[in-house]
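Pasted below: query06.cif, mmCIF, C-alpha atoms.
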data_final
#
loop_
_atom_site.label_atom_id
_atom_site.label_comp_id
_atom_site.auth_asym_id
_atom_site.auth_seq_id
_atom_site.Cartn_x
_atom_site.Cartn_y
_atom_site.Cartn_z
CA MET A 1 24.59 -88.32 -28.18
CA ILE A 2 27.91 -87.47 -29.83
CA VAL A 3 27.92 -85.74 -33.24
CA THR A 4 31.17 -85.19 -35.16
CA ILE A 5 31.69 -82.76 -38.03
CA ASP A 6 34.95 -83.12 -39.92
CA GLY A 7 36.22 -81.55 -43.10
CA PRO A 8 38.86 -79.32 -44.65
CA ALA A 9 39.54 -75.69 -43.76
CA GLY A 10 36.78 -73.29 -44.77
CA SER A 11 34.06 -75.90 -45.18
CA GLY A 12 32.03 -74.27 -42.41
CA LYS A 13 32.56 -76.83 -39.67
CA SER A 14 33.03 -74.62 -36.63
CA THR A 15 30.18 -72.17 -37.18
CA THR A 16 27.83 -74.97 -38.15
CA ALA A 17 28.82 -77.10 -35.14
CA ARG A 18 28.44 -74.21 -32.70
CA ASN A 19 25.05 -73.12 -34.05
CA ALA A 20 23.69 -76.65 -34.40
CA ALA A 21 24.68 -77.42 -30.80
CA ALA A 22 22.83 -74.32 -29.62
CA GLU A 23 19.69 -75.22 -31.56
CA LEU A 24 19.75 -78.78 -30.25
CA HIS A 25 20.43 -77.61 -26.67
CA TYR A 26 23.65 -79.60 -26.77
CA VAL A 27 27.12 -78.19 -26.13
CA TYR A 28 29.86 -77.47 -28.68
CA LEU A 29 33.28 -78.97 -27.93
CA ASP A 30 35.89 -76.73 -29.54
CA THR A 31 38.88 -79.04 -29.99
CA GLY A 32 40.92 -76.22 -31.52
CA ALA A 33 40.65 -74.21 -28.31
CA MET A 34 41.90 -77.21 -26.37
CA TYR A 35 44.99 -77.46 -28.58
CA ARG A 36 45.55 -73.75 -28.04
CA ALA A 37 45.49 -74.33 -24.28
CA VAL A 38 48.26 -76.90 -24.65
CA ALA A 39 50.22 -74.45 -26.81
CA LEU A 40 49.83 -71.86 -24.06
CA GLY A 41 51.19 -74.43 -21.63
CA PHE A 42 54.27 -74.87 -23.83
CA LEU A 43 54.77 -71.11 -23.95
CA ARG A 44 54.56 -70.78 -20.19
CA ALA A 45 57.06 -73.62 -19.80
CA ASP A 46 59.34 -71.93 -22.36
CA ALA A 47 59.36 -75.22 -24.26
CA ALA A 48 60.06 -75.81 -27.93
CA ALA A 49 57.60 -77.62 -30.22
CA THR A 50 59.40 -80.97 -30.06
CA SER A 51 58.40 -84.44 -28.92
CA GLU A 52 61.19 -84.36 -26.35
CA ALA A 53 59.80 -81.16 -24.83
CA ALA A 54 56.27 -82.62 -24.95
CA ASP A 55 57.38 -85.59 -22.87
CA ARG A 56 58.58 -83.12 -20.25
CA VAL A 57 55.71 -80.59 -20.41
CA LEU A 58 52.60 -82.76 -20.78
CA PRO A 59 52.79 -84.57 -17.40
CA ALA A 60 52.57 -81.16 -15.71
CA LEU A 61 49.55 -80.00 -17.76
CA SER A 62 45.85 -80.50 -17.22
CA VAL A 63 43.27 -79.26 -19.72
CA ASP A 64 39.57 -79.16 -18.96
CA VAL A 65 36.43 -77.28 -19.96
CA SER A 66 33.23 -76.04 -18.41
CA TYR A 67 30.11 -74.41 -19.82
CA GLN A 68 28.38 -71.21 -18.77
CA ASP A 69 25.18 -70.47 -20.70
CA SER A 70 26.42 -73.03 -23.27
CA ALA A 71 29.65 -71.06 -23.84
CA MET A 72 32.77 -73.19 -23.45
CA GLN A 73 35.43 -72.04 -21.02
CA VAL A 74 38.88 -73.62 -21.13
CA TYR A 75 41.03 -74.35 -18.11
CA LEU A 76 44.78 -74.92 -18.04
CA ASN A 77 46.01 -76.33 -14.74
CA GLU A 78 42.69 -75.21 -13.19
CA GLU A 79 43.16 -71.61 -14.41
CA GLU A 80 40.46 -70.27 -16.74
CA VAL A 81 42.47 -69.22 -19.82
CA THR A 82 39.85 -68.78 -22.55
CA ALA A 83 40.70 -65.11 -23.08
CA HIS A 84 44.39 -65.95 -23.58
CA LEU A 85 43.99 -68.51 -26.35
CA ARG A 86 43.63 -66.23 -29.39
CA THR A 87 46.86 -64.29 -28.98
CA ALA A 88 49.39 -64.06 -31.79
CA GLU A 89 51.94 -65.91 -29.64
CA VAL A 90 49.69 -68.91 -29.23
CA GLY A 91 48.61 -68.80 -32.87
CA ALA A 92 52.23 -68.85 -34.02
CA ILE A 93 52.98 -72.21 -32.43
CA VAL A 94 49.70 -74.09 -32.13
CA SER A 95 50.02 -75.80 -35.54
CA ASP A 96 53.48 -77.13 -34.72
CA ILE A 97 52.39 -78.21 -31.24
CA SER A 98 49.29 -80.01 -32.52
CA THR A 99 51.28 -82.22 -34.92
CA LEU A 100 53.43 -83.75 -32.16
CA ALA A 101 52.55 -87.39 -31.51
CA PRO A 102 52.64 -87.09 -27.67
CA VAL A 103 50.34 -84.05 -27.86
CA ARG A 104 47.89 -85.82 -30.21
CA ASP A 105 47.76 -88.85 -27.93
CA TYR A 106 47.20 -86.68 -24.86
CA MET A 107 44.51 -84.58 -26.53
CA VAL A 108 42.59 -87.55 -27.93
CA GLU A 109 42.41 -88.97 -24.40
CA GLN A 110 41.21 -85.66 -22.96
CA GLN A 111 38.70 -84.98 -25.73
CA ARG A 112 37.18 -88.43 -25.34
CA ARG A 113 36.88 -87.97 -21.59
CA ILE A 114 35.36 -84.50 -21.85
CA GLY A 115 33.07 -85.41 -24.74
CA HIS A 116 31.51 -88.34 -22.92
CA GLU A 117 31.25 -86.40 -19.66
CA GLN A 118 29.51 -83.47 -21.31
CA ALA A 119 27.21 -85.68 -23.39
CA GLU A 120 26.09 -87.29 -20.15
CA VAL A 121 25.45 -83.90 -18.52
CA HIS A 122 23.89 -82.04 -21.46
CA GLY A 123 22.36 -84.85 -23.49
CA GLY A 124 24.68 -84.36 -26.42
CA VAL A 125 27.90 -82.87 -27.77
CA VAL A 126 28.72 -81.52 -31.23
CA VAL A 127 32.44 -81.58 -31.98
CA ASP A 128 34.30 -80.48 -35.09
CA GLY A 129 37.79 -81.01 -36.44
CA ARG A 130 39.66 -83.11 -38.95
CA ASP A 131 39.81 -86.46 -37.17
CA THR A 132 36.95 -86.36 -34.69
CA GLY A 133 34.93 -89.04 -36.49
CA THR A 134 37.90 -91.24 -37.41
CA VAL A 135 40.21 -91.05 -34.38
CA VAL A 136 38.70 -89.18 -31.44
CA PHE A 137 35.12 -90.54 -31.51
CA PRO A 138 35.07 -93.48 -33.94
CA GLU A 139 31.94 -94.68 -32.11
CA ALA A 140 30.07 -91.35 -32.54
CA ASP A 141 26.32 -91.63 -33.04
CA LEU A 142 26.36 -89.37 -36.10
CA LYS A 143 29.30 -88.38 -38.29
CA ILE A 144 29.20 -85.66 -40.92
CA PHE A 145 32.01 -84.85 -43.35
CA MET A 146 31.65 -81.35 -44.80
CA VAL A 147 33.25 -80.39 -48.11
CA ALA A 148 33.15 -77.37 -50.41
CA ASP A 149 34.91 -76.14 -53.54
CA VAL A 150 38.29 -74.64 -52.75
CA GLU A 151 37.28 -71.34 -54.37
CA GLU A 152 34.27 -71.04 -52.07
CA ARG A 153 36.29 -71.99 -49.03
CA ALA A 154 38.87 -69.33 -49.90
CA ARG A 155 36.14 -66.72 -50.27
CA ARG A 156 34.75 -67.57 -46.85
CA ARG A 157 38.17 -67.43 -45.22
CA LEU A 158 38.87 -64.09 -46.93
CA GLN A 159 35.71 -62.67 -45.35
CA GLU A 160 36.95 -63.79 -41.94
CA TYR A 161 40.31 -62.07 -42.51
CA GLU A 162 38.66 -58.87 -43.69
CA ALA A 163 36.34 -58.86 -40.67
CA ALA A 164 39.43 -59.10 -38.47
CA GLY A 165 41.02 -56.15 -40.28
CA GLU A 166 43.60 -58.22 -42.16
CA HIS A 167 44.29 -57.43 -45.81
CA ILE A 168 45.19 -60.34 -48.06
CA SER A 169 44.31 -61.27 -51.64
CA LEU A 170 41.87 -64.03 -52.58
CA ALA A 171 44.67 -65.78 -54.50
CA GLU A 172 46.85 -65.81 -51.38
CA VAL A 173 44.03 -67.22 -49.27
CA GLN A 174 43.31 -69.95 -51.82
CA ALA A 175 46.99 -70.91 -51.92
CA GLU A 176 47.02 -71.04 -48.12
CA ILE A 177 43.99 -73.34 -48.06
CA GLU A 178 45.36 -75.63 -50.77
CA GLU A 179 48.61 -75.96 -48.81
CA ARG A 180 46.66 -76.73 -45.61
CA ASP A 181 44.60 -79.34 -47.48
CA GLN A 182 47.77 -81.06 -48.66
CA GLN A 183 49.25 -81.04 -45.16
CA ASP A 184 46.05 -82.33 -43.55
CA ARG A 185 45.59 -85.18 -46.03
CA THR A 186 49.20 -86.36 -46.06
CA ARG A 187 50.25 -85.96 -42.42
CA ASP A 188 51.43 -89.13 -40.72
CA ILE A 189 49.24 -88.75 -37.63
CA ALA A 190 45.44 -88.78 -38.03
CA PRO A 191 45.23 -87.47 -41.61
CA LEU A 192 42.05 -85.80 -42.84
CA ARG A 193 39.72 -88.40 -44.33
CA ARG A 194 36.04 -89.22 -44.34
CA ALA A 195 34.99 -91.99 -41.97
CA GLU A 196 33.31 -94.85 -43.82
CA ASP A 197 30.05 -94.27 -41.92
CA ALA A 198 30.09 -90.47 -42.24
CA VAL A 199 27.48 -88.54 -44.22
CA GLU A 200 29.19 -86.33 -46.81
CA PHE A 201 27.70 -82.84 -47.10
CA ASP A 202 28.76 -80.42 -49.83
CA THR A 203 28.28 -76.89 -48.50
CA THR A 204 29.50 -75.01 -51.60
CA ASP A 205 26.12 -73.49 -52.37
CA CYS A 206 24.71 -73.50 -48.84
CA THR A 207 24.20 -70.70 -46.36
CA ILE A 208 25.16 -71.20 -42.72
CA ASP A 209 21.47 -71.52 -41.83
CA GLU A 210 21.10 -74.30 -44.40
CA GLN A 211 24.16 -76.05 -43.06
CA VAL A 212 22.85 -75.87 -39.51
CA ALA A 213 19.43 -77.14 -40.59
CA PHE A 214 21.05 -80.12 -42.35
CA VAL A 215 22.87 -81.14 -39.16
CA VAL A 216 19.89 -80.53 -36.88
CA ASN A 217 17.56 -82.54 -39.12
CA ARG A 218 20.03 -85.42 -39.28
CA VAL A 219 20.37 -85.46 -35.51
CA LYS A 220 16.62 -85.39 -34.92
CA ALA A 221 16.13 -88.23 -37.40
CA HIS A 222 18.68 -90.40 -35.61
CA PRO A 223 17.45 -93.22 -33.33
CA ALA A 224 19.64 -91.88 -30.50
CA TRP A 225 17.84 -88.50 -30.50
CA GLY A 226 16.01 -87.91 -27.26
CA THR A 227 17.29 -91.04 -25.56
#
Hey, can you dump this file as structure tokens for me?
Amino acid sequence: MIVTIDGPAGSGKSTTARNAAAELHYVYLDTGAMYRAVALGFLRADAAATSEAADRVLPALSVDVSYQDSAMQVYLNEEEVTAHLRTAEVGAIVSDISTLAPVRDYMVEQQRRIGHEQAEVHGGVVVDGRDTGTVVFPEADLKIFMVADVEERARRRLQEYEAAGEHISLAEVQAEIEERDQQDRTRDIAPLRRAEDAVEFDTTDCTIDEQVAFVVNRVKAHPAWGT
């Protein structure tokens, strides 16, 4: 079974997807980590974030994942690189890399392959992003589109920054999220939108536990559950 959770920044997708996968005894496919692996590949090739460079770099890259106690490990050219994906260097270029058409095409192909492989092995996969239900897995068994008020999403993101020791104002975080929303909804390639068959879920007033319960209950009520 393949479950997709899409939505704007700060809506709670990643935490909900990860926890729901654990409760369902599925695996969580972190598409963001896969894009970071490609960005790391660009860094190692000393390549700029351009389509021309992508045409040169991508044929020499392979990205794959494995799971150990349900934790996803990411491989770049058969090297386990999970611990190298959250560096400032990778973070500085991953957004630019992920908007390149050759990179999007490559990643959609890899994510589809891995998603179906892991669903076969583990019984199900929960994947989150902005286009997982519209572009990557349009045939997904269950699609959820999470939304929340921008003020609440900014508050959540501020808590993440503070936990990481970063100091930024709530107004700055809200402006950052509003800008990201605009970029995600207006980008030429795979813009953020709700799939026609997706269930919309407003998480503004929900706790993480409530969000996870919503997803788990939807999955268990689906005809594909347990098959």
How would you write, as a PDB file with C-alpha atoms, in the coordinates of the input, the residues chosen by the PyMOL selection byres ((chain A and resi 199-216) around 9) on this structure?
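File expr.pdb, as written:
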ATOM      1  CA  SER A  11      34.060 -75.900 -45.180  1.00  0.00           C
ATOM      2  CA  GLY A  12      32.030 -74.270 -42.410  1.00  0.00           C
ATOM      3  CA  THR A  15      30.180 -72.170 -37.180  1.00  0.00           C
ATOM      4  CA  THR A  16      27.830 -74.970 -38.150  1.00  0.00           C
ATOM      5  CA  ALA A  17      28.820 -77.100 -35.140  1.00  0.00           C
ATOM      6  CA  ARG A  18      28.440 -74.210 -32.700  1.00  0.00           C
ATOM      7  CA  ASN A  19      25.050 -73.120 -34.050  1.00  0.00           C
ATOM      8  CA  ALA A  20      23.690 -76.650 -34.400  1.00  0.00           C
ATOM      9  CA  ALA A  21      24.680 -77.420 -30.800  1.00  0.00           C
ATOM     10  CA  GLU A  23      19.690 -75.220 -31.560  1.00  0.00           C
ATOM     11  CA  LEU A  24      19.750 -78.780 -30.250  1.00  0.00           C
ATOM     12  CA  LEU A 142      26.360 -89.370 -36.100  1.00  0.00           C
ATOM     13  CA  LYS A 143      29.300 -88.380 -38.290  1.00  0.00           C
ATOM     14  CA  ILE A 144      29.200 -85.660 -40.920  1.00  0.00           C
ATOM     15  CA  PHE A 145      32.010 -84.850 -43.350  1.00  0.00           C
ATOM     16  CA  MET A 146      31.650 -81.350 -44.800  1.00  0.00           C
ATOM     17  CA  VAL A 147      33.250 -80.390 -48.110  1.00  0.00           C
ATOM     18  CA  ALA A 148      33.150 -77.370 -50.410  1.00  0.00           C
ATOM     19  CA  ASP A 149      34.910 -76.140 -53.540  1.00  0.00           C
ATOM     20  CA  VAL A 150      38.290 -74.640 -52.750  1.00  0.00           C
ATOM     21  CA  GLU A 152      34.270 -71.040 -52.070  1.00  0.00           C
ATOM     22  CA  ARG A 153      36.290 -71.990 -49.030  1.00  0.00           C
ATOM     23  CA  ARG A 194      36.040 -89.220 -44.340  1.00  0.00           C
ATOM     24  CA  ALA A 195      34.990 -91.990 -41.970  1.00  0.00           C
ATOM     25  CA  GLU A 196      33.310 -94.850 -43.820  1.00  0.00           C
ATOM     26  CA  ASP A 197      30.050 -94.270 -41.920  1.00  0.00           C
ATOM     27  CA  ALA A 198      30.090 -90.470 -42.240  1.00  0.00           C
ATOM     28  CA  ASN A 217      17.560 -82.540 -39.120  1.00  0.00           C
ATOM     29  CA  ARG A 218      20.030 -85.420 -39.280  1.00  0.00           C
ATOM     30  CA  VAL A 219      20.370 -85.460 -35.510  1.00  0.00           C
ATOM     31  CA  LYS A 220      16.620 -85.390 -34.920  1.00  0.00           C
ATOM     32  CA  ALA A 221      16.130 -88.230 -37.400  1.00  0.00           C
TER      33      ALA A 221
END
Atom-to-atom span, CA of Glu166 (chain A) and CA of Gly10 (chain A), Å: 16.7 Å
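Between CA of Gly91 (chain A) and CA of Phe42 (chain A) the separation is 12.3 Å.
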Reference answer for the PyMOL selection byres ((chain A and resi 192) around 10), as a PyMOL selection string: chain A and resi 6-8+129-132+134+181-187+189-191+193-195
Reference answer for the PyMOL selection byres ((chain A and resi 26) around 10), as a ChimeraX atom specification: /A:1-3,18-25,27-29,70,118-119,121-126
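In terms of minimum interatomic distance to Gln111 (chain A), A:Val63 ranks closest within A:Val63, A:Ile97, A:Ala92, A:Val57, counting all atoms listed in the file.
Our summary of the geometry notes that CA of Thr82 (chain A) is positioned 28.6 Å from CA of Asp141 (chain A).
Of the listed residues (A:Ala154, A:Ile177, A:Leu58, A:Ala140), A:Ala140 comes nearest to Ala224 (chain A); the distances count all atoms listed in the file.
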Within 10 Å of file point (41.1, -59.1, -33.6), counting all atoms listed in the file, expressed as an MDAnalysis selection string: chainID A and resid 86:88 161 163:166
Expected residue set, 9 Å radius at (42.1, -67.6, -49.9), only C-alpha atoms, as JSON, numbers by chain: {"A": [150, 151, 152, 153, 154, 155, 156, 157, 158, 168, 169, 170, 171, 172, 173, 174, 175, 176, 177, 178]}
C-alpha atoms of the current selection, written as a compact mmCIF listing (two decimals), keeping the file's coordinate frame:
# COMPACT_ATOMS: atom_id res chain seq x y z
CA VAL A 150 38.29 -74.64 -52.75
CA GLU A 151 37.28 -71.34 -54.37
CA GLU A 152 34.27 -71.04 -52.07
CA ARG A 153 36.29 -71.99 -49.03
CA ALA A 154 38.87 -69.33 -49.90
CA ARG A 155 36.14 -66.72 -50.27
CA ARG A 156 34.75 -67.57 -46.85
CA ARG A 157 38.17 -67.43 -45.22
CA LEU A 158 38.87 -64.09 -46.93
CA ILE A 168 45.19 -60.34 -48.06
CA SER A 169 44.31 -61.27 -51.64
CA LEU A 170 41.87 -64.03 -52.58
CA ALA A 171 44.67 -65.78 -54.50
CA GLU A 172 46.85 -65.81 -51.38
CA VAL A 173 44.03 -67.22 -49.27
CA GLN A 174 43.31 -69.95 -51.82
CA ALA A 175 46.99 -70.91 -51.92
CA GLU A 176 47.02 -71.04 -48.12
CA ILE A 177 43.99 -73.34 -48.06
CA GLU A 178 45.36 -75.63 -50.77
Residue with smallest distance to Arg56 (chain A) - pool A:Ala37, A:Leu76, A:Val103, A:Val127, counting only C-alpha atoms: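 Distance minimum relative to Arg56 (chain A) lands on A:Val103.
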